[in-house]
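Q: My structure is stored as upload.csv, with CSV, N, CA and C atoms.
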chain,number,residue,atom,x,y,z
A,1,MET,N,-20.4,6.2,33.3
A,1,MET,CA,-19.6,5.1,33.0
A,1,MET,C,-19.5,4.9,31.5
A,2,ALA,N,-20.6,5.2,30.7
A,2,ALA,CA,-20.5,5.1,29.3
A,2,ALA,C,-19.6,6.1,28.7
A,3,VAL,N,-19.6,7.3,29.3
A,3,VAL,CA,-18.7,8.4,28.8
A,3,VAL,C,-17.3,8.0,29.0
A,4,LEU,N,-17.0,7.4,30.2
A,4,LEU,CA,-15.6,7.0,30.5
A,4,LEU,C,-15.2,5.9,29.5
A,5,LEU,N,-16.0,4.9,29.2
A,5,LEU,CA,-15.7,3.9,28.3
A,5,LEU,C,-15.5,4.4,26.9
A,6,GLN,N,-16.3,5.4,26.5
A,6,GLN,CA,-16.1,6.0,25.2
A,6,GLN,C,-14.8,6.8,25.1
A,7,LEU,N,-14.4,7.5,26.2
A,7,LEU,CA,-13.2,8.2,26.2
A,7,LEU,C,-12.0,7.2,26.2
A,8,ILE,N,-12.0,6.1,26.8
A,8,ILE,CA,-11.0,5.1,26.8
A,8,ILE,C,-10.8,4.5,25.4
A,9,LEU,N,-11.9,4.3,24.7
A,9,LEU,CA,-11.9,3.8,23.4
A,9,LEU,C,-11.3,4.8,22.4
A,10,GLN,N,-11.6,6.1,22.6
A,10,GLN,CA,-11.0,7.1,21.8
A,10,GLN,C,-9.5,7.2,22.0
A,11,VAL,N,-9.1,7.1,23.2
A,11,VAL,CA,-7.7,7.2,23.5
A,11,VAL,C,-6.9,6.0,22.9
A,12,ASN,N,-7.5,4.8,23.1
A,12,ASN,CA,-6.9,3.6,22.5
A,12,ASN,C,-6.8,3.7,21.0
A,13,SER,N,-7.9,4.2,20.4
A,13,SER,CA,-7.9,4.4,18.9
A,13,SER,C,-6.8,5.4,18.5
A,14,MET,N,-6.7,6.4,19.3
A,14,MET,CA,-5.6,7.4,19.0
A,14,MET,C,-4.2,6.8,19.0
A,15,TRP,N,-4.0,6.0,20.1
A,15,TRP,CA,-2.7,5.4,20.2
A,15,TRP,C,-2.4,4.3,19.1
A,16,LEU,N,-3.5,3.7,18.7
A,16,LEU,CA,-3.4,2.7,17.6
A,16,LEU,C,-3.0,3.4,16.3
A,17,ALA,N,-3.7,4.6,16.1
A,17,ALA,CA,-3.4,5.4,14.9
A,17,ALA,C,-1.9,5.9,14.9
A,18,ILE,N,-1.5,6.4,16.0
A,18,ILE,CA,-0.1,6.9,16.2
A,18,ILE,C,0.9,5.7,16.0
A,19,GLY,N,0.6,4.6,16.6
A,19,GLY,CA,1.5,3.4,16.4
A,19,GLY,C,1.6,3.0,15.0
A,20,LYS,N,0.5,2.9,14.3
A,20,LYS,CA,0.4,2.5,12.9
A,20,LYS,C,1.2,3.5,12.0
A,21,THR,N,1.1,4.8,12.3
A,21,THR,CA,1.8,5.8,11.5
A,21,THR,C,3.3,5.7,11.8
A,22,ILE,N,3.7,5.5,13.0
A,22,ILE,CA,5.1,5.4,13.3
A,22,ILE,C,5.7,4.1,12.6
A,23,ILE,N,5.1,3.0,12.7
A,23,ILE,CA,5.6,1.8,12.1
A,23,ILE,C,5.7,1.9,10.5
A,24,ALA,N,4.7,2.5,9.9
A,24,ALA,CA,4.7,2.7,8.5
A,24,ALA,C,5.8,3.7,8.1
A,25,ALA,N,5.9,4.7,8.8
A,25,ALA,CA,6.9,5.8,8.5
A,25,ALA,C,8.3,5.2,8.6
A,26,VAL,N,8.6,4.4,9.6
A,26,VAL,CA,9.9,3.8,9.8
A,26,VAL,C,10.2,2.9,8.7
A,27,LEU,N,9.2,2.1,8.3
A,27,LEU,CA,9.4,1.1,7.2
A,27,LEU,C,9.7,1.8,5.9
A,28,ILE,N,8.9,2.8,5.6
A,28,ILE,CA,9.1,3.6,4.3
A,28,ILE,C,10.5,4.3,4.3
A,29,SER,N,10.8,4.9,5.5
A,29,SER,CA,12.1,5.7,5.6
A,29,SER,C,13.3,4.7,5.4
A,30,PHE,N,13.2,3.6,6.1
A,30,PHE,CA,14.3,2.6,6.0
A,30,PHE,C,14.5,2.1,4.6
A,31,VAL,N,13.4,1.7,3.9
A,31,VAL,CA,13.6,1.3,2.5
A,31,VAL,C,14.1,2.4,1.6
A,32,SER,N,13.6,3.6,1.8
A,32,SER,CA,14.1,4.7,1.0
A,32,SER,C,15.6,5.0,1.2
A,33,TRP,N,16.0,4.9,2.5
A,33,TRP,CA,17.4,5.1,2.8
A,33,TRP,C,18.2,4.0,2.2
A,34,LEU,N,17.7,2.7,2.3
A,34,LEU,CA,18.4,1.6,1.8
A,34,LEU,C,18.6,1.6,0.3
A,35,SER,N,17.7,2.3,-0.4
A,35,SER,CA,17.7,2.4,-1.9
A,35,SER,C,19.0,3.1,-2.3
A,36,GLY,N,19.5,4.0,-1.5
A,36,GLY,CA,20.8,4.7,-1.9
A,36,GLY,C,22.0,3.9,-1.6
A,37,LYS,N,21.9,2.8,-0.7
A,37,LYS,CA,23.0,2.0,-0.3
A,37,LYS,C,23.1,0.7,-1.1
A,38,LYS,N,21.9,0.0,-1.1
A,38,LYS,CA,21.8,-1.3,-1.7
A,38,LYS,C,20.5,-1.4,-2.5
A,39,THR,N,20.6,-1.0,-3.8
A,39,THR,CA,19.4,-0.8,-4.6
A,39,THR,C,18.7,-2.2,-4.8
A,40,GLY,N,19.5,-3.2,-5.0
A,40,GLY,CA,18.8,-4.6,-5.2
A,40,GLY,C,18.0,-5.0,-4.0
A,41,LEU,N,18.6,-4.9,-2.8
A,41,LEU,CA,17.9,-5.3,-1.6
A,41,LEU,C,16.7,-4.4,-1.3
A,42,ALA,N,16.9,-3.1,-1.6
A,42,ALA,CA,15.7,-2.2,-1.4
A,42,ALA,C,14.6,-2.5,-2.3
A,43,GLY,N,14.9,-2.8,-3.6
A,43,GLY,CA,13.9,-3.2,-4.5
A,43,GLY,C,13.2,-4.5,-4.1
A,44,PHE,N,14.0,-5.4,-3.6
A,44,PHE,CA,13.4,-6.7,-3.1
A,44,PHE,C,12.4,-6.5,-2.0
A,45,LEU,N,12.9,-5.7,-1.0
A,45,LEU,CA,12.1,-5.4,0.2
A,45,LEU,C,10.8,-4.6,-0.2
A,46,THR,N,10.9,-3.7,-1.2
A,46,THR,CA,9.8,-2.9,-1.6
A,46,THR,C,8.8,-3.8,-2.3
A,47,ALA,N,9.3,-4.8,-3.0
A,47,ALA,CA,8.4,-5.7,-3.8
A,47,ALA,C,7.7,-6.7,-2.8
A,48,LEU,N,8.2,-6.9,-1.7
A,48,LEU,CA,7.5,-7.8,-0.7
A,48,LEU,C,6.2,-7.1,-0.3
A,49,PRO,N,5.3,-7.9,0.1
A,49,PRO,CA,4.0,-7.2,0.5
A,49,PRO,C,4.0,-6.7,1.9
A,50,LEU,N,5.1,-6.0,2.3
A,50,LEU,CA,5.2,-5.5,3.6
A,50,LEU,C,4.1,-4.6,4.0
A,51,THR,N,3.7,-3.7,3.1
A,51,THR,CA,2.6,-2.8,3.3
A,51,THR,C,1.3,-3.6,3.5
A,52,THR,N,1.2,-4.6,2.7
A,52,THR,CA,0.0,-5.4,2.8
A,52,THR,C,-0.1,-6.1,4.1
A,53,LEU,N,1.1,-6.7,4.5
A,53,LEU,CA,1.1,-7.4,5.8
A,53,LEU,C,0.7,-6.5,6.9
A,54,LEU,N,1.3,-5.3,6.9
A,54,LEU,CA,1.0,-4.3,8.0
A,54,LEU,C,-0.5,-3.9,7.9
A,55,ALA,N,-0.9,-3.5,6.7
A,55,ALA,CA,-2.3,-3.0,6.6
A,55,ALA,C,-3.3,-4.1,6.9
A,56,LEU,N,-3.1,-5.3,6.5
A,56,LEU,CA,-4.1,-6.4,6.9
A,56,LEU,C,-4.1,-6.6,8.4
A,57,ALA,N,-3.0,-6.6,9.0
A,57,ALA,CA,-2.9,-6.8,10.5
A,57,ALA,C,-3.6,-5.6,11.2
A,58,PHE,N,-3.2,-4.4,10.8
A,58,PHE,CA,-3.8,-3.2,11.4
A,58,PHE,C,-5.3,-3.2,11.2
A,59,SER,N,-5.7,-3.5,10.0
A,59,SER,CA,-7.2,-3.4,9.8
A,59,SER,C,-7.9,-4.4,10.6
A,60,HIS,N,-7.4,-5.6,10.7
A,60,HIS,CA,-8.0,-6.7,11.5
A,60,HIS,C,-8.0,-6.3,13.0
A,61,MET,N,-6.9,-5.7,13.5
A,61,MET,CA,-6.8,-5.3,14.9
A,61,MET,C,-7.8,-4.2,15.2
A,62,GLU,N,-8.0,-3.3,14.2
A,62,GLU,CA,-8.9,-2.2,14.4
A,62,GLU,C,-10.4,-2.6,14.3
A,63,TRP,N,-10.7,-3.4,13.4
A,63,TRP,CA,-12.1,-3.7,13.1
A,63,TRP,C,-12.5,-5.1,13.6
A,64,GLY,N,-11.6,-6.1,13.7
A,64,GLY,CA,-11.8,-7.4,14.3
A,64,GLY,C,-12.8,-8.2,13.5
A,65,ASN,N,-12.9,-7.9,12.2
A,65,ASN,CA,-13.9,-8.6,11.3
A,65,ASN,C,-13.2,-9.5,10.3
A,66,SER,N,-13.2,-10.8,10.5
A,66,SER,CA,-12.5,-11.7,9.7
A,66,SER,C,-13.0,-11.7,8.2
A,67,ASP,N,-14.3,-11.6,8.1
A,67,ASP,CA,-14.8,-11.6,6.7
A,67,ASP,C,-14.3,-10.4,5.9
A,68,GLN,N,-14.3,-9.3,6.6
A,68,GLN,CA,-13.9,-8.0,6.0
A,68,GLN,C,-12.4,-8.1,5.7
A,69,SER,N,-11.6,-8.7,6.5
A,69,SER,CA,-10.2,-8.9,6.3
A,69,SER,C,-9.9,-9.8,5.1
A,70,VAL,N,-10.7,-10.8,5.0
A,70,VAL,CA,-10.6,-11.7,3.8
A,70,VAL,C,-10.9,-11.0,2.5
A,71,GLU,N,-12.0,-10.2,2.5
A,71,GLU,CA,-12.3,-9.5,1.3
A,71,GLU,C,-11.3,-8.5,1.0
A,72,TYR,N,-10.7,-7.8,2.0
A,72,TYR,CA,-9.6,-6.9,1.8
A,72,TYR,C,-8.4,-7.6,1.1
A,73,ALA,N,-8.1,-8.8,1.7
A,73,ALA,CA,-6.9,-9.5,1.1
A,73,ALA,C,-7.2,-9.9,-0.4
A,74,LYS,N,-8.4,-10.3,-0.7
A,74,LYS,CA,-8.8,-10.7,-2.1
A,74,LYS,C,-8.6,-9.4,-3.0
A,75,SER,N,-9.0,-8.3,-2.5
A,75,SER,CA,-8.9,-7.1,-3.3
A,75,SER,C,-7.5,-6.7,-3.5
A,76,VAL,N,-6.6,-6.9,-2.5
A,76,VAL,CA,-5.2,-6.7,-2.7
A,76,VAL,C,-4.6,-7.7,-3.7
A,77,PHE,N,-5.0,-8.9,-3.6
A,77,PHE,CA,-4.5,-9.9,-4.5
A,77,PHE,C,-4.8,-9.5,-6.0
A,78,ILE,N,-6.0,-9.0,-6.2
A,78,ILE,CA,-6.3,-8.6,-7.6
A,78,ILE,C,-5.5,-7.3,-8.0
A,79,ALA,N,-5.3,-6.4,-7.0
A,79,ALA,CA,-4.7,-5.1,-7.2
A,79,ALA,C,-3.2,-5.3,-7.6
A,80,ILE,N,-2.5,-6.3,-7.0
A,80,ILE,CA,-1.1,-6.4,-7.2
A,80,ILE,C,-0.7,-6.4,-8.7
A,81,PRO,N,-1.2,-7.4,-9.5
A,81,PRO,CA,-0.8,-7.3,-10.9
A,81,PRO,C,-1.3,-6.1,-11.6
A,82,VAL,N,-2.5,-5.6,-11.3
A,82,VAL,CA,-2.9,-4.3,-11.9
A,82,VAL,C,-2.0,-3.2,-11.6
A,83,SER,N,-1.5,-3.1,-10.4
A,83,SER,CA,-0.7,-2.0,-9.9
A,83,SER,C,0.7,-2.0,-10.7
A,84,LEU,N,1.0,-3.1,-11.3
A,84,LEU,CA,2.3,-3.1,-12.1
A,84,LEU,C,2.2,-2.2,-13.3
A,85,LEU,N,1.0,-1.7,-13.6
A,85,LEU,CA,0.9,-0.8,-14.7
A,85,LEU,C,1.7,0.5,-14.5
A,86,PHE,N,1.9,0.8,-13.2
A,86,PHE,CA,2.7,2.0,-12.9
A,86,PHE,C,4.1,1.9,-13.4
A,87,PHE,N,4.7,0.7,-13.5
A,87,PHE,CA,6.1,0.6,-13.9
A,87,PHE,C,6.3,0.5,-15.4
A,88,ILE,N,5.2,0.4,-16.2
A,88,ILE,CA,5.4,0.3,-17.7
A,88,ILE,C,6.1,1.5,-18.3
A,89,PRO,N,5.9,2.8,-17.9
A,89,PRO,CA,6.7,3.9,-18.5
A,89,PRO,C,8.1,3.7,-18.1
A,90,PHE,N,8.5,3.2,-16.9
A,90,PHE,CA,9.9,3.1,-16.5
A,90,PHE,C,10.6,2.0,-17.4
A,91,LEU,N,9.8,1.0,-17.8
A,91,LEU,CA,10.4,0.0,-18.7
A,91,LEU,C,10.8,0.5,-20.1
A,92,PHE,N,10.1,1.5,-20.5
A,92,PHE,CA,10.3,2.1,-21.8
A,92,PHE,C,11.0,3.5,-21.8
A,93,ALA,N,11.5,3.8,-20.6
A,93,ALA,CA,12.1,5.2,-20.4
A,93,ALA,C,13.2,5.4,-21.4
A,94,GLN,N,14.2,4.5,-21.5
A,94,GLN,CA,15.3,4.8,-22.3
A,94,GLN,C,14.9,4.7,-23.8
A,95,LYS,N,14.1,3.8,-24.2
A,95,LYS,CA,13.7,3.7,-25.6
A,95,LYS,C,12.9,5.0,-26.0
A,96,LEU,N,12.1,5.5,-25.1
A,96,LEU,CA,11.3,6.7,-25.5
A,96,LEU,C,11.9,8.0,-25.0
A,97,ASN,N,13.1,7.9,-24.4
A,97,ASN,CA,13.8,9.1,-23.9
A,97,ASN,C,13.0,9.9,-22.9
A,98,LEU,N,12.4,9.1,-21.9
A,98,LEU,CA,11.6,9.7,-20.9
A,98,LEU,C,12.4,10.0,-19.6
A,99,GLY,N,12.2,11.1,-19.0
A,99,GLY,CA,12.8,11.4,-17.7
A,99,GLY,C,12.0,10.8,-16.6
A,100,PHE,N,12.5,10.9,-15.3
A,100,PHE,CA,11.9,10.3,-14.2
A,100,PHE,C,10.4,10.9,-14.0
A,101,TRP,N,10.2,12.2,-14.0
A,101,TRP,CA,8.9,12.7,-13.8
A,101,TRP,C,7.9,12.4,-14.9
A,102,ALA,N,8.4,12.3,-16.1
A,102,ALA,CA,7.5,11.8,-17.2
A,102,ALA,C,7.0,10.4,-16.9
A,103,CYS,N,8.0,9.6,-16.5
A,103,CYS,CA,7.6,8.2,-16.2
A,103,CYS,C,6.7,8.1,-15.0
A,104,TYR,N,7.0,8.9,-14.0
A,104,TYR,CA,6.2,8.8,-12.8
A,104,TYR,C,4.8,9.3,-13.0
A,105,SER,N,4.6,10.4,-13.7
A,105,SER,CA,3.3,10.9,-14.0
A,105,SER,C,2.5,10.0,-14.9
A,106,SER,N,3.2,9.5,-15.9
A,106,SER,CA,2.5,8.5,-16.8
A,106,SER,C,2.1,7.3,-16.0
A,107,GLY,N,3.0,6.8,-15.1
A,107,GLY,CA,2.7,5.7,-14.3
A,107,GLY,C,1.4,5.9,-13.4
A,108,VAL,N,1.4,7.1,-12.8
A,108,VAL,CA,0.2,7.4,-12.0
A,108,VAL,C,-1.1,7.5,-12.8
A,109,ALA,N,-1.0,8.0,-14.0
A,109,ALA,CA,-2.1,8.0,-14.9
A,109,ALA,C,-2.6,6.6,-15.2
A,110,LEU,N,-1.6,5.7,-15.5
A,110,LEU,CA,-1.9,4.3,-15.7
A,110,LEU,C,-2.5,3.6,-14.5
A,111,LEU,N,-2.1,4.1,-13.3
A,111,LEU,CA,-2.8,3.5,-12.1
A,111,LEU,C,-4.2,3.9,-12.1
A,112,GLY,N,-4.6,5.1,-12.6
A,112,GLY,CA,-6.0,5.5,-12.6
A,112,GLY,C,-6.8,4.6,-13.5
A,113,VAL,N,-6.2,4.2,-14.6
A,113,VAL,CA,-6.8,3.2,-15.5
A,113,VAL,C,-6.9,1.9,-14.8
A,114,GLY,N,-5.8,1.5,-14.1
A,114,GLY,CA,-5.8,0.3,-13.3
A,114,GLY,C,-6.9,0.2,-12.3
A,115,TYR,N,-7.2,1.3,-11.7
A,115,TYR,CA,-8.3,1.4,-10.6
A,115,TYR,C,-9.6,0.9,-11.2
A,116,PHE,N,-9.9,1.3,-12.4
A,116,PHE,CA,-11.2,0.9,-13.1
A,116,PHE,C,-11.1,-0.6,-13.4
A,117,ILE,N,-10.0,-1.1,-13.8
A,117,ILE,CA,-9.8,-2.5,-14.1
A,117,ILE,C,-10.0,-3.3,-12.8
A,118,HIS,N,-9.4,-2.8,-11.8
A,118,HIS,CA,-9.5,-3.5,-10.4
A,118,HIS,C,-10.9,-3.5,-10.0
A,119,SER,N,-11.6,-2.4,-10.1
A,119,SER,CA,-13.0,-2.3,-9.7
A,119,SER,C,-13.9,-3.3,-10.4
A,120,SER,N,-13.7,-3.5,-11.7
A,120,SER,CA,-14.4,-4.4,-12.5
A,120,SER,C,-14.1,-5.8,-12.1
A,121,LEU,N,-12.8,-6.1,-11.8
A,121,LEU,CA,-12.5,-7.5,-11.4
A,121,LEU,C,-13.0,-7.9,-10.1
A,122,VAL,N,-13.0,-6.9,-9.1
A,122,VAL,CA,-13.5,-7.2,-7.8
A,122,VAL,C,-15.0,-7.5,-7.8
A,123,LYS,N,-15.7,-6.8,-8.7
A,123,LYS,CA,-17.1,-7.1,-8.8
A,123,LYS,C,-17.4,-8.5,-9.3
A,124,LEU,N,-16.5,-9.1,-10.0
A,124,LEU,CA,-16.7,-10.4,-10.6
A,124,LEU,C,-16.4,-11.5,-9.5
A,125,MET,N,-15.8,-11.1,-8.4
A,125,MET,CA,-15.5,-12.1,-7.4
A,125,MET,C,-16.7,-12.4,-6.5
Show me, as structure tokens, the structure contained in the file I just sent.
A:
Amino acid sequence: MAVLLQLILQVNSMWLAIGKTIIAAVLISFVSWLSGKKTGLAGFLTALPLTTLLALAFSHMEWGNSDQSVEYAKSVFIAIPVSLLFFIPFLFAQKLNLGFWACYSSGVALLGVGYFIHSSLVKLM
């Protein structure tokens, strides 16, 4: 009986992972497609915390731990302004004559710095 229960839990976990992957992929694909049609709307949708909404719900569905979900949400709240570091090179692209990949790689490097800032801030909470 225990083996059957474990097998059922593994199958449910597999379907949950597949479902989460499909939902996330559809969302990302849609916004990416929309960026070629309506840049303003795509930017607005991307700026919405859609990923956060999905990830928080998925995490809570998977683990069922309210305290953990609240801590996760607090971490995201701190990470949002820190993650804006990624966009700094794009803001100065024309002034510094930077191409897309230079902006992108610099932004990723700044995210690395941001991670350490985020870690320090989370410890203060």
Q: Could you work out how far atom CA of A:Met61 lies from atom CA of A:Lys20, giving the answer in Å with one decimal?
A: 10.8 Å
Q: Would you mind telling me which residue in A:Ile78, A:Ala109, A:Val26, A:Gly40 lies nearest to A:Leu124 when using only C-alpha atoms?
A: A:Ile78
Q: Mind listing whatever residues come within 12 Å of the point (-16.7, -7.3, -7.4)? Use only C-alpha atoms, file coordinates, and give them as a PyMOL selection string.
A: chain A and resi 71-72+74-75+78+116-125
Q: For the residues in that selection, give me N, CA and C atoms as a PDB file, in the frame of the given file.
A:
ATOM      1  N   GLU A  71     -12.000 -10.200   2.500  1.00  0.00           N
ATOM      2  CA  GLU A  71     -12.300  -9.500   1.300  1.00  0.00           C
ATOM      3  C   GLU A  71     -11.300  -8.500   1.000  1.00  0.00           C
ATOM      4  N   TYR A  72     -10.700  -7.800   2.000  1.00  0.00           N
ATOM      5  CA  TYR A  72      -9.600  -6.900   1.800  1.00  0.00           C
ATOM      6  C   TYR A  72      -8.400  -7.600   1.100  1.00  0.00           C
ATOM      7  N   LYS A  74      -8.400 -10.300  -0.700  1.00  0.00           N
ATOM      8  CA  LYS A  74      -8.800 -10.700  -2.100  1.00  0.00           C
ATOM      9  C   LYS A  74      -8.600  -9.400  -3.000  1.00  0.00           C
ATOM     10  N   SER A  75      -9.000  -8.300  -2.500  1.00  0.00           N
ATOM     11  CA  SER A  75      -8.900  -7.100  -3.300  1.00  0.00           C
ATOM     12  C   SER A  75      -7.500  -6.700  -3.500  1.00  0.00           C
ATOM     13  N   ILE A  78      -6.000  -9.000  -6.200  1.00  0.00           N
ATOM     14  CA  ILE A  78      -6.300  -8.600  -7.600  1.00  0.00           C
ATOM     15  C   ILE A  78      -5.500  -7.300  -8.000  1.00  0.00           C
ATOM     16  N   PHE A 116      -9.900   1.300 -12.400  1.00  0.00           N
ATOM     17  CA  PHE A 116     -11.200   0.900 -13.100  1.00  0.00           C
ATOM     18  C   PHE A 116     -11.100  -0.600 -13.400  1.00  0.00           C
ATOM     19  N   ILE A 117     -10.000  -1.100 -13.800  1.00  0.00           N
ATOM     20  CA  ILE A 117      -9.800  -2.500 -14.100  1.00  0.00           C
ATOM     21  C   ILE A 117     -10.000  -3.300 -12.800  1.00  0.00           C
ATOM     22  N   HIS A 118      -9.400  -2.800 -11.800  1.00  0.00           N
ATOM     23  CA  HIS A 118      -9.500  -3.500 -10.400  1.00  0.00           C
ATOM     24  C   HIS A 118     -10.900  -3.500 -10.000  1.00  0.00           C
ATOM     25  N   SER A 119     -11.600  -2.400 -10.100  1.00  0.00           N
ATOM     26  CA  SER A 119     -13.000  -2.300  -9.700  1.00  0.00           C
ATOM     27  C   SER A 119     -13.900  -3.300 -10.400  1.00  0.00           C
ATOM     28  N   SER A 120     -13.700  -3.500 -11.700  1.00  0.00           N
ATOM     29  CA  SER A 120     -14.400  -4.400 -12.500  1.00  0.00           C
ATOM     30  C   SER A 120     -14.100  -5.800 -12.100  1.00  0.00           C
ATOM     31  N   LEU A 121     -12.800  -6.100 -11.800  1.00  0.00           N
ATOM     32  CA  LEU A 121     -12.500  -7.500 -11.400  1.00  0.00           C
ATOM     33  C   LEU A 121     -13.000  -7.900 -10.100  1.00  0.00           C
ATOM     34  N   VAL A 122     -13.000  -6.900  -9.100  1.00  0.00           N
ATOM     35  CA  VAL A 122     -13.500  -7.200  -7.800  1.00  0.00           C
ATOM     36  C   VAL A 122     -15.000  -7.500  -7.800  1.00  0.00           C
ATOM     37  N   LYS A 123     -15.700  -6.800  -8.700  1.00  0.00           N
ATOM     38  CA  LYS A 123     -17.100  -7.100  -8.800  1.00  0.00           C
ATOM     39  C   LYS A 123     -17.400  -8.500  -9.300  1.00  0.00           C
ATOM     40  N   LEU A 124     -16.500  -9.100 -10.000  1.00  0.00           N
ATOM     41  CA  LEU A 124     -16.700 -10.400 -10.600  1.00  0.00           C
ATOM     42  C   LEU A 124     -16.400 -11.500  -9.500  1.00  0.00           C
ATOM     43  N   MET A 125     -15.800 -11.100  -8.400  1.00  0.00           N
ATOM     44  CA  MET A 125     -15.500 -12.100  -7.400  1.00  0.00           C
ATOM     45  C   MET A 125     -16.700 -12.400  -6.500  1.00  0.00           C
TER      46      MET A 125
END
Q: So the first atom is atom N of A:Ala57 and the second is atom N of A:Ala17; what is the distance between them in Å, to one decimal place?
A: 13.3 Å
Q: Rounded to one decimal, what separation in Å do you get between atom CA of A:Cys103 and atom N of A:Leu91?
A: 7.7 Å
Q: Using all atoms listed in the file, which of the listed residues (A:Gly19, A:Gly64, A:Pro81, A:Pro89) sits closest to A:Tyr104?
A: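 Using all atoms listed in the file, the shortest distance to A:Tyr104 belongs to A:Pro89.
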Q: Which residue is closest to A:Tyr115? Choose from A:Leu98, A:Leu53, A:Leu84, A:Ile18 and count only C-alpha atoms.
A: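 Under the stated criterion, the closest residue is A:Leu84.
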